[in-house]
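Asks: Take this structure, written in structure tokens, and hold onto it; I'll ask about it next.
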Amino acid sequence: MTLFIVLLAVAAGTYLMRIAFVTLVPADRLPAGVRRHLDHLPPAVLAALAATALARQVATATTFPVQRVGAVVVAMVVAWRTSHLGLTLGAGVATAWLLSLVT
Amino acid sequence: MSPTGIVCPPPPAAAPVSVGGVREDTLRAMRAAATDMVPIMAGLVPFALVIAAAVDAAPIGGAAGWVASGLIFAGSAQLAAITAFETGASALAAVLAGVLVNTRLLIYSASLAEPFSWQSSRFRWLAPHFLVDFMYVLATSHDDENGDPAWLRAYWLMAGTLTAVTWLGTIAIGITADVVLPEALALDVIIPVVYIGLLMPRLTSSPPVAAAVVGAVIAVVGLDLPAGFGLVAAALGGLVAAAIAVRTERKAPA
């Protein structure tokens, strides 16, 4: 029961952060400089999320995860050359699968 | 042209066309969301099973744990709170552990403030519940269409509904049955690859490149920080790097 209440409180806190600037504080209250710079947030977040996922897989694996690292390297090349999400995904997953056959 | 490539619909024809009572551009937004969500849904499955296993092992009923999963709607925060609680932290410390993991949602919320400000008040109160990492990066990967409030509304609700169905459905299955995914499926490789696929097309000038490089380096260096803090540091560091790059670009001779 205590844990359920803990989780409800986490849900409430999380919801407040989700609506903080969308609903509670109107967008136009944010300084113009901050709003302009937030346009560069997606690349920072995308790179951080991908790097975190990969680094965590490397850190927790008992042997070097060749499939994961290979998939990300191939995905970077394909995404850079084609800018095509479907091709990138297909190439990345195929690389992971092929490498799992040989390792 | 959408930077993701596959989900770029052609510009709308003159007047909105209705198909079975639903506007055609609404249908296009829903289809784009569904296309984007296919790999994400597959990638969510292993994480949802981790949450189900944590709920199973925790001193909480399956139904209560499942309800909490829907209300928190953020796996890493739920996991952090459960782990803290089980390792003997006080209730308050466990709540803080969970909430702090989600600090990055504040930054996403600020970044989405403008497109959401064009939405109805009901949407602004309810729709942010779906705000998670990939919802943020997917919604901001359709810059052309995001100028259209109806497009964003349909896209967001479709992607959020698919997330909820996958997330809560898999957690329910994981709580009621013992599911072990075959190692060969390697579903955990999908989400980082999707992030790479969304990132690379954005790296067309020095500010986004600076943001991405600094963001990735800080995230890796901060891997051992309490969950979530590495990402917050990476996001803020990336923003600072982009700001410096913008200033350097302006100073450089044309």
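In the structure tokens, each chain is lettered A, B, ... as it comes, each chain's residues begin at 1, and ligands are numbered from 1 in order of appearance.
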Check every residue of chain B for an atom within 6 Å of chain A, counting only C-alpha atoms, and provide those that qualify as a PyMOL selection string.

Replies: chain B and resi 4-5+71-72+95+98-99+105-106+109-111+113-114+124+128+192-193+195+197+199-201+208+211-212+215-216+219-220+235+238

Asks: Could you dump the residues just selected with C-alpha atoms as a compact mmCIF listing (two decimals), in the first residue's frame?

Replies:
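What landed in selection_38.txt:
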```txt
# COMPACT_ATOMS: atom_id res chain seq x y z
CA THR B 4 12.92 11.57 -41.35
CA GLY B 5 12.29 10.86 -45.03
CA LEU B 71 -0.49 7.07 -14.21
CA ILE B 72 3.31 7.53 -14.17
CA VAL B 95 9.14 9.67 -4.46
CA GLY B 98 11.17 8.78 -9.19
CA VAL B 99 10.31 12.41 -9.82
CA LEU B 105 10.32 16.41 -19.01
CA LEU B 106 10.45 20.01 -17.76
CA SER B 109 7.69 20.86 -21.81
CA ALA B 110 9.42 24.21 -22.30
CA SER B 111 10.44 23.22 -25.81
CA ALA B 113 5.32 25.28 -25.11
CA GLU B 114 4.87 27.15 -28.39
CA ARG B 124 -2.99 21.20 -23.02
CA PRO B 128 1.12 16.17 -22.02
CA PRO B 192 18.92 3.77 -30.33
CA VAL B 193 18.91 3.15 -34.10
CA TYR B 195 17.24 8.03 -32.50
CA GLY B 197 17.95 7.94 -37.84
CA LEU B 199 19.39 12.76 -35.48
CA MET B 200 21.65 12.54 -38.54
CA PRO B 201 19.42 14.51 -40.98
CA PRO B 208 22.97 21.23 -34.13
CA ALA B 211 24.54 20.31 -29.56
CA ALA B 212 24.68 16.65 -30.60
CA GLY B 215 25.06 16.11 -25.65
CA ALA B 216 26.45 12.66 -26.49
CA ALA B 219 25.53 11.64 -21.58
CA VAL B 220 28.32 9.06 -21.72
CA ALA B 235 20.44 18.52 -22.81
CA GLY B 238 24.03 20.71 -25.77
```

Asks: What lies within 9 Å of region 163-165 of chain B using only C-alpha atoms, ignoring chain neighbours under 5 positions off, as a CSV table (one decimal) with N, CA, C and O atoms, in the first residue's frame?

Replies:
```
chain,number,residue,atom,x,y,z
B,37,MET,N,5.7,5.0,-35.2
B,37,MET,CA,5.6,4.3,-34.0
B,37,MET,C,5.9,2.8,-34.1
B,37,MET,O,6.1,2.1,-33.1
B,40,ILE,N,9.2,2.0,-32.7
B,40,ILE,CA,9.2,2.4,-31.2
B,40,ILE,C,8.4,1.3,-30.4
B,40,ILE,O,8.9,0.9,-29.3
B,41,MET,N,7.3,0.9,-31.0
B,41,MET,CA,6.4,-0.1,-30.2
B,41,MET,C,7.2,-1.4,-30.0
B,41,MET,O,7.2,-1.9,-28.9
B,44,LEU,N,9.7,-0.9,-27.3
B,44,LEU,CA,9.1,-0.7,-26.0
B,44,LEU,C,8.9,-2.0,-25.3
B,44,LEU,O,8.9,-2.0,-24.0
B,70,GLY,N,0.3,3.2,-15.7
B,70,GLY,CA,-0.5,4.1,-16.5
B,70,GLY,C,-0.5,5.5,-16.1
B,70,GLY,O,-0.4,6.4,-16.9
B,73,PHE,N,3.4,6.7,-16.4
B,73,PHE,CA,3.7,6.7,-17.9
B,73,PHE,C,5.1,7.0,-18.2
B,73,PHE,O,5.4,7.8,-19.1
B,130,PHE,N,1.2,12.1,-22.3
B,130,PHE,CA,1.9,11.2,-23.2
B,130,PHE,C,3.3,11.6,-23.4
B,130,PHE,O,4.1,10.9,-24.2
B,135,MET,N,8.2,10.6,-27.7
B,135,MET,CA,7.1,11.4,-28.1
B,135,MET,C,7.7,12.8,-28.4
B,135,MET,O,7.3,13.5,-29.4
B,158,MET,N,-2.5,10.1,-31.8
B,158,MET,CA,-2.3,8.8,-32.4
B,158,MET,C,-1.1,8.1,-31.8
B,158,MET,O,-1.1,7.0,-31.3
B,170,THR,N,1.6,-4.6,-22.8
B,170,THR,CA,2.7,-5.5,-22.5
B,170,THR,C,3.0,-5.7,-21.0
B,170,THR,O,3.3,-6.8,-20.5
```

Asks: Restricting the calculation to only C-alpha atoms: of B:Ser141, B:Gly160, B:Val101, B:Gly62, which residue gets closest to Ala127 (chain B)?

Replies: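 For Ala127 (chain B), the nearest of the candidates is B:Gly160.
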
Asks: Would you mind telling me which residue in B:Asn102, B:Thr140, B:Thr161, B:Thr166 lies nearest to Leu49 (chain B) when using only C-alpha atoms?

Replies: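 Smallest separation from Leu49 (chain B) among the options: B:Thr166.
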
Asks: Counting only C-alpha atoms, which of B:Ala186, B:Gly169, B:Pro226, B:Asp144 gets nearest to Leu99 (chain A)?

Replies: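 So, comparing all the options, the nearest one is B:Ala186.
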
Asks: Among region 12-98 of chain A, which residues does DSSP mark as alpha helix (DSSP H) when it is run on the backbone? Keep the chain and numbering as in the structure and answer as an mmCIF file with N, CA, C and O atoms, in the first residue's frame.

Replies:
```
data_model
loop_
_atom_site.group_PDB
_atom_site.id
_atom_site.type_symbol
_atom_site.label_atom_id
_atom_site.label_comp_id
_atom_site.auth_asym_id
_atom_site.auth_seq_id
_atom_site.Cartn_x
_atom_site.Cartn_y
_atom_site.Cartn_z
ATOM 1 N N ALA A 12 2.033 12.112 -9.841
ATOM 2 C CA ALA A 12 1.602 13.502 -9.716
ATOM 3 C C ALA A 12 2.754 14.461 -10.030
ATOM 4 O O ALA A 12 2.589 15.427 -10.779
ATOM 5 N N GLY A 13 3.931 14.174 -9.488
ATOM 6 C CA GLY A 13 5.097 15.028 -9.740
ATOM 7 C C GLY A 13 5.478 15.031 -11.217
ATOM 8 O O GLY A 13 5.796 16.077 -11.793
ATOM 9 N N THR A 14 5.404 13.854 -11.826
ATOM 10 C CA THR A 14 5.740 13.738 -13.245
ATOM 11 C C THR A 14 4.754 14.529 -14.103
ATOM 12 O O THR A 14 5.144 15.253 -15.018
ATOM 13 N N TYR A 15 3.462 14.415 -13.753
ATOM 14 C CA TYR A 15 2.439 15.136 -14.516
ATOM 15 C C TYR A 15 2.665 16.650 -14.423
ATOM 16 O O TYR A 15 2.574 17.369 -15.414
ATOM 17 N N LEU A 16 3.014 17.120 -13.216
ATOM 18 C CA LEU A 16 3.251 18.561 -13.050
ATOM 19 C C LEU A 16 4.398 19.031 -13.929
ATOM 20 O O LEU A 16 4.353 20.118 -14.509
ATOM 21 N N MET A 17 5.473 18.198 -14.053
ATOM 22 C CA MET A 17 6.589 18.609 -14.907
ATOM 23 C C MET A 17 6.201 18.577 -16.379
ATOM 24 O O MET A 17 6.647 19.395 -17.163
ATOM 25 N N ARG A 18 5.327 17.621 -16.749
ATOM 26 C CA ARG A 18 4.894 17.534 -18.145
ATOM 27 C C ARG A 18 4.085 18.769 -18.551
ATOM 28 O O ARG A 18 4.205 19.254 -19.669
ATOM 29 N N ILE A 19 3.229 19.244 -17.640
ATOM 30 C CA ILE A 19 2.366 20.366 -18.024
ATOM 31 C C ILE A 19 2.992 21.713 -17.646
ATOM 32 O O ILE A 19 2.432 22.750 -17.975
ATOM 33 N N ALA A 32 12.625 35.369 -24.706
ATOM 34 C CA ALA A 32 12.781 35.075 -26.135
ATOM 35 C C ALA A 32 14.076 34.321 -26.411
ATOM 36 O O ALA A 32 14.114 33.412 -27.234
ATOM 37 N N GLY A 33 15.158 34.699 -25.697
ATOM 38 C CA GLY A 33 16.451 34.034 -25.916
ATOM 39 C C GLY A 33 16.372 32.551 -25.595
ATOM 40 O O GLY A 33 16.869 31.719 -26.355
ATOM 41 N N VAL A 34 15.697 32.228 -24.497
ATOM 42 C CA VAL A 34 15.564 30.820 -24.103
ATOM 43 C C VAL A 34 14.756 30.072 -25.148
ATOM 44 O O VAL A 34 15.120 28.987 -25.591
ATOM 45 N N ARG A 35 13.635 30.701 -25.591
ATOM 46 C CA ARG A 35 12.775 30.033 -26.576
ATOM 47 C C ARG A 35 13.541 29.744 -27.861
ATOM 48 O O ARG A 35 13.410 28.685 -28.453
ATOM 49 N N ARG A 36 14.388 30.713 -28.298
ATOM 50 C CA ARG A 36 15.118 30.532 -29.557
ATOM 51 C C ARG A 36 16.101 29.375 -29.420
ATOM 52 O O ARG A 36 16.235 28.549 -30.306
ATOM 53 N N HIS A 37 16.813 29.333 -28.276
ATOM 54 C CA HIS A 37 17.830 28.302 -28.117
ATOM 55 C C HIS A 37 17.219 26.912 -27.952
ATOM 56 O O HIS A 37 17.860 25.921 -28.259
ATOM 57 N N LEU A 41 17.369 21.937 -28.948
ATOM 58 C CA LEU A 41 17.266 20.860 -27.961
ATOM 59 C C LEU A 41 17.147 19.462 -28.595
ATOM 60 O O LEU A 41 17.828 18.536 -28.147
ATOM 61 N N PRO A 42 16.314 19.290 -29.647
ATOM 62 C CA PRO A 42 16.170 17.921 -30.176
ATOM 63 C C PRO A 42 17.491 17.232 -30.549
ATOM 64 O O PRO A 42 17.684 16.073 -30.149
ATOM 65 N N PRO A 43 18.419 17.888 -31.284
ATOM 66 C CA PRO A 43 19.658 17.149 -31.583
ATOM 67 C C PRO A 43 20.442 16.760 -30.331
ATOM 68 O O PRO A 43 20.991 15.653 -30.255
ATOM 69 N N ALA A 44 20.468 17.653 -29.334
ATOM 70 C CA ALA A 44 21.191 17.331 -28.098
ATOM 71 C C ALA A 44 20.549 16.120 -27.412
ATOM 72 O O ALA A 44 21.237 15.197 -26.968
ATOM 73 N N VAL A 45 19.207 16.129 -27.364
ATOM 74 C CA VAL A 45 18.497 15.039 -26.684
ATOM 75 C C VAL A 45 18.640 13.729 -27.456
ATOM 76 O O VAL A 45 18.897 12.666 -26.877
ATOM 77 N N LEU A 46 18.482 13.791 -28.791
ATOM 78 C CA LEU A 46 18.603 12.578 -29.606
ATOM 79 C C LEU A 46 19.983 11.947 -29.445
ATOM 80 O O LEU A 46 20.111 10.729 -29.249
ATOM 81 N N ALA A 47 21.035 12.780 -29.535
ATOM 82 C CA ALA A 47 22.397 12.248 -29.420
ATOM 83 C C ALA A 47 22.618 11.676 -28.027
ATOM 84 O O ALA A 47 23.220 10.602 -27.863
ATOM 85 N N ALA A 48 22.097 12.383 -27.003
ATOM 86 C CA ALA A 48 22.280 11.909 -25.626
ATOM 87 C C ALA A 48 21.535 10.593 -25.397
ATOM 88 O O ALA A 48 22.066 9.679 -24.759
ATOM 89 N N LEU A 49 20.324 10.478 -25.936
ATOM 90 C CA LEU A 49 19.546 9.249 -25.739
ATOM 91 C C LEU A 49 20.229 8.067 -26.428
ATOM 92 O O LEU A 49 20.356 6.977 -25.847
ATOM 93 N N ALA A 50 20.676 8.281 -27.668
ATOM 94 C CA ALA A 50 21.339 7.197 -28.399
ATOM 95 C C ALA A 50 22.634 6.805 -27.700
ATOM 96 O O ALA A 50 22.930 5.619 -27.505
ATOM 97 N N ALA A 51 23.420 7.818 -27.288
ATOM 98 C CA ALA A 51 24.711 7.537 -26.638
ATOM 99 C C ALA A 51 24.495 6.824 -25.308
ATOM 100 O O ALA A 51 25.216 5.881 -24.970
ATOM 101 N N THR A 52 23.480 7.253 -24.551
ATOM 102 C CA THR A 52 23.204 6.620 -23.259
ATOM 103 C C THR A 52 22.820 5.155 -23.449
ATOM 104 O O THR A 52 23.327 4.269 -22.756
ATOM 105 N N ALA A 53 21.913 4.901 -24.417
ATOM 106 C CA ALA A 53 21.463 3.526 -24.648
ATOM 107 C C ALA A 53 22.641 2.649 -25.024
ATOM 108 O O ALA A 53 22.811 1.537 -24.490
ATOM 109 N N LEU A 54 23.487 3.143 -25.930
ATOM 110 C CA LEU A 54 24.611 2.335 -26.400
ATOM 111 C C LEU A 54 25.641 2.132 -25.278
ATOM 112 O O LEU A 54 26.111 1.016 -25.036
ATOM 113 N N ALA A 55 25.963 3.215 -24.578
ATOM 114 C CA ALA A 55 26.971 3.119 -23.520
ATOM 115 C C ALA A 55 26.508 2.181 -22.414
ATOM 116 O O ALA A 55 27.295 1.430 -21.846
ATOM 117 N N ARG A 56 25.195 2.204 -22.123
ATOM 118 C CA ARG A 56 24.683 1.318 -21.078
ATOM 119 C C ARG A 56 24.787 -0.143 -21.515
ATOM 120 O O ARG A 56 25.132 -1.013 -20.721
ATOM 121 N N GLN A 57 24.502 -0.394 -22.806
ATOM 122 C CA GLN A 57 24.622 -1.768 -23.302
ATOM 123 C C GLN A 57 26.075 -2.239 -23.240
ATOM 124 O O GLN A 57 26.348 -3.383 -22.900
ATOM 125 N N VAL A 58 27.021 -1.340 -23.572
ATOM 126 C CA VAL A 58 28.438 -1.707 -23.510
ATOM 127 C C VAL A 58 28.831 -1.959 -22.055
ATOM 128 O O VAL A 58 29.527 -2.924 -21.732
ATOM 129 N N ALA A 59 28.335 -1.078 -21.156
ATOM 130 C CA ALA A 59 28.744 -1.173 -19.747
ATOM 131 C C ALA A 59 28.191 -2.421 -19.065
ATOM 132 O O ALA A 59 28.840 -2.988 -18.187
ATOM 133 N N THR A 60 26.982 -2.842 -19.449
ATOM 134 C CA THR A 60 26.356 -3.951 -18.725
ATOM 135 C C THR A 60 26.638 -5.313 -19.358
ATOM 136 O O THR A 60 26.415 -6.333 -18.729
ATOM 137 N N VAL A 66 29.191 -6.511 -29.848
ATOM 138 C CA VAL A 66 29.522 -6.173 -31.234
ATOM 139 C C VAL A 66 28.265 -5.844 -32.047
ATOM 140 O O VAL A 66 28.253 -4.890 -32.833
ATOM 141 N N GLN A 67 27.174 -6.627 -31.809
ATOM 142 C CA GLN A 67 25.959 -6.414 -32.605
ATOM 143 C C GLN A 67 25.402 -5.006 -32.386
ATOM 144 O O GLN A 67 25.040 -4.322 -33.336
ATOM 145 N N ARG A 68 25.315 -4.602 -31.102
ATOM 146 C CA ARG A 68 24.735 -3.293 -30.797
ATOM 147 C C ARG A 68 25.572 -2.166 -31.390
ATOM 148 O O ARG A 68 25.043 -1.253 -32.010
ATOM 149 N N VAL A 69 26.879 -2.245 -31.145
ATOM 150 C CA VAL A 69 27.759 -1.173 -31.617
ATOM 151 C C VAL A 69 27.778 -1.156 -33.151
ATOM 152 O O VAL A 69 27.671 -0.088 -33.773
ATOM 153 N N GLY A 70 27.858 -2.342 -33.763
ATOM 154 C CA GLY A 70 27.852 -2.431 -35.223
ATOM 155 C C GLY A 70 26.576 -1.842 -35.810
ATOM 156 O O GLY A 70 26.602 -1.093 -36.793
ATOM 157 N N ALA A 71 25.428 -2.166 -35.161
ATOM 158 C CA ALA A 71 24.139 -1.662 -35.649
ATOM 159 C C ALA A 71 24.116 -0.133 -35.629
ATOM 160 O O ALA A 71 23.657 0.503 -36.584
ATOM 161 N N VAL A 72 24.645 0.457 -34.554
ATOM 162 C CA VAL A 72 24.609 1.918 -34.435
ATOM 163 C C VAL A 72 25.545 2.565 -35.452
ATOM 164 O O VAL A 72 25.199 3.571 -36.096
ATOM 165 N N VAL A 73 26.730 1.964 -35.656
ATOM 166 C CA VAL A 73 27.686 2.532 -36.618
ATOM 167 C C VAL A 73 27.083 2.492 -38.031
ATOM 168 O O VAL A 73 27.088 3.503 -38.755
ATOM 169 N N VAL A 74 26.526 1.339 -38.405
ATOM 170 C CA VAL A 74 25.920 1.215 -39.742
ATOM 171 C C VAL A 74 24.747 2.195 -39.872
ATOM 172 O O VAL A 74 24.582 2.872 -40.891
ATOM 173 N N ALA A 75 23.940 2.296 -38.802
ATOM 174 C CA ALA A 75 22.793 3.212 -38.831
ATOM 175 C C ALA A 75 23.257 4.650 -39.043
ATOM 176 O O ALA A 75 22.633 5.404 -39.794
ATOM 177 N N MET A 76 24.369 5.032 -38.393
ATOM 178 C CA MET A 76 24.867 6.404 -38.550
ATOM 179 C C MET A 76 25.232 6.668 -40.006
ATOM 180 O O MET A 76 24.893 7.716 -40.563
ATOM 181 N N VAL A 77 25.923 5.702 -40.625
ATOM 182 C CA VAL A 77 26.358 5.879 -42.018
ATOM 183 C C VAL A 77 25.130 5.962 -42.940
ATOM 184 O O VAL A 77 25.022 6.879 -43.766
ATOM 185 N N VAL A 78 24.199 5.020 -42.768
ATOM 186 C CA VAL A 78 23.030 4.989 -43.654
ATOM 187 C C VAL A 78 22.180 6.249 -43.455
ATOM 188 O O VAL A 78 21.722 6.859 -44.424
ATOM 189 N N ALA A 79 21.994 6.651 -42.196
ATOM 190 C CA ALA A 79 21.186 7.850 -41.930
ATOM 191 C C ALA A 79 21.851 9.085 -42.523
ATOM 192 O O ALA A 79 21.188 9.967 -43.071
ATOM 193 N N TRP A 80 23.173 9.136 -42.441
ATOM 194 C CA TRP A 80 23.911 10.292 -42.956
ATOM 195 C C TRP A 80 23.818 10.337 -44.480
ATOM 196 O O TRP A 80 23.591 11.398 -45.065
ATOM 197 N N ARG A 81 23.916 9.190 -45.144
ATOM 198 C CA ARG A 81 23.902 9.155 -46.608
ATOM 199 C C ARG A 81 22.489 9.304 -47.162
ATOM 200 O O ARG A 81 22.319 9.854 -48.243
ATOM 201 N N THR A 82 21.481 8.730 -46.474
ATOM 202 C CA THR A 82 20.147 8.667 -47.083
ATOM 203 C C THR A 82 19.106 9.552 -46.395
ATOM 204 O O THR A 82 18.091 9.866 -47.012
ATOM 205 N N LEU A 85 14.596 7.217 -42.527
ATOM 206 C CA LEU A 85 14.460 6.505 -41.254
ATOM 207 C C LEU A 85 14.240 5.007 -41.459
ATOM 208 O O LEU A 85 14.815 4.178 -40.756
ATOM 209 N N GLY A 86 13.411 4.659 -42.443
ATOM 210 C CA GLY A 86 13.123 3.242 -42.683
ATOM 211 C C GLY A 86 14.371 2.465 -43.094
ATOM 212 O O GLY A 86 14.644 1.374 -42.576
ATOM 213 N N LEU A 87 15.155 3.055 -44.024
ATOM 214 C CA LEU A 87 16.396 2.396 -44.462
ATOM 215 C C LEU A 87 17.374 2.280 -43.290
ATOM 216 O O LEU A 87 18.042 1.260 -43.110
ATOM 217 N N THR A 88 17.459 3.349 -42.498
ATOM 218 C CA THR A 88 18.373 3.361 -41.356
ATOM 219 C C THR A 88 18.019 2.232 -40.383
ATOM 220 O O THR A 88 18.882 1.470 -39.938
ATOM 221 N N LEU A 89 16.727 2.140 -40.098
ATOM 222 C CA LEU A 89 16.271 1.125 -39.154
ATOM 223 C C LEU A 89 16.535 -0.276 -39.702
ATOM 224 O O LEU A 89 17.067 -1.150 -39.004
ATOM 225 N N GLY A 90 16.178 -0.477 -40.986
ATOM 226 C CA GLY A 90 16.385 -1.787 -41.600
ATOM 227 C C GLY A 90 17.859 -2.172 -41.591
ATOM 228 O O GLY A 90 18.216 -3.300 -41.220
ATOM 229 N N ALA A 91 18.721 -1.215 -41.956
ATOM 230 C CA ALA A 91 20.158 -1.505 -42.013
ATOM 231 C C ALA A 91 20.692 -1.805 -40.609
ATOM 232 O O ALA A 91 21.490 -2.733 -40.418
ATOM 233 N N GLY A 92 20.247 -1.021 -39.618
ATOM 234 C CA GLY A 92 20.729 -1.224 -38.256
ATOM 235 C C GLY A 92 20.314 -2.576 -37.696
ATOM 236 O O GLY A 92 21.145 -3.325 -37.147
ATOM 237 N N VAL A 93 19.035 -2.904 -37.849
ATOM 238 C CA VAL A 93 18.539 -4.175 -37.305
ATOM 239 C C VAL A 93 19.167 -5.354 -38.057
ATOM 240 O O VAL A 93 19.566 -6.355 -37.444
ATOM 241 N N ALA A 94 19.298 -5.225 -39.395
ATOM 242 C CA ALA A 94 19.920 -6.301 -40.178
ATOM 243 C C ALA A 94 21.368 -6.517 -39.738
ATOM 244 O O ALA A 94 21.836 -7.662 -39.619
ATOM 245 N N THR A 95 22.079 -5.425 -39.467
ATOM 246 C CA THR A 95 23.468 -5.545 -39.018
ATOM 247 C C THR A 95 23.540 -6.287 -37.681
ATOM 248 O O THR A 95 24.366 -7.193 -37.503
ATOM 249 N N ALA A 96 22.659 -5.893 -36.751
ATOM 250 C CA ALA A 96 22.660 -6.556 -35.440
ATOM 251 C C ALA A 96 22.399 -8.045 -35.600
ATOM 252 O O ALA A 96 23.041 -8.893 -34.967
ATOM 253 N N TRP A 97 21.446 -8.363 -36.482
ATOM 254 C CA TRP A 97 21.060 -9.760 -36.676
ATOM 255 C C TRP A 97 22.199 -10.548 -37.327
ATOM 256 O O TRP A 97 22.553 -11.646 -36.869
ATOM 257 N N LEU A 98 22.815 -9.954 -38.382
ATOM 258 C CA LEU A 98 23.921 -10.652 -39.066
ATOM 259 C C LEU A 98 25.098 -10.860 -38.114
ATOM 260 O O LEU A 98 25.692 -11.944 -38.064
#
```

Asks: Rounded to one decimal, what separation in Å do you get between CA of Ala34 (chain B) and CA of Leu138 (chain B)?

Replies: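 Rounded to one decimal, the two atoms are 11.3 Å apart.
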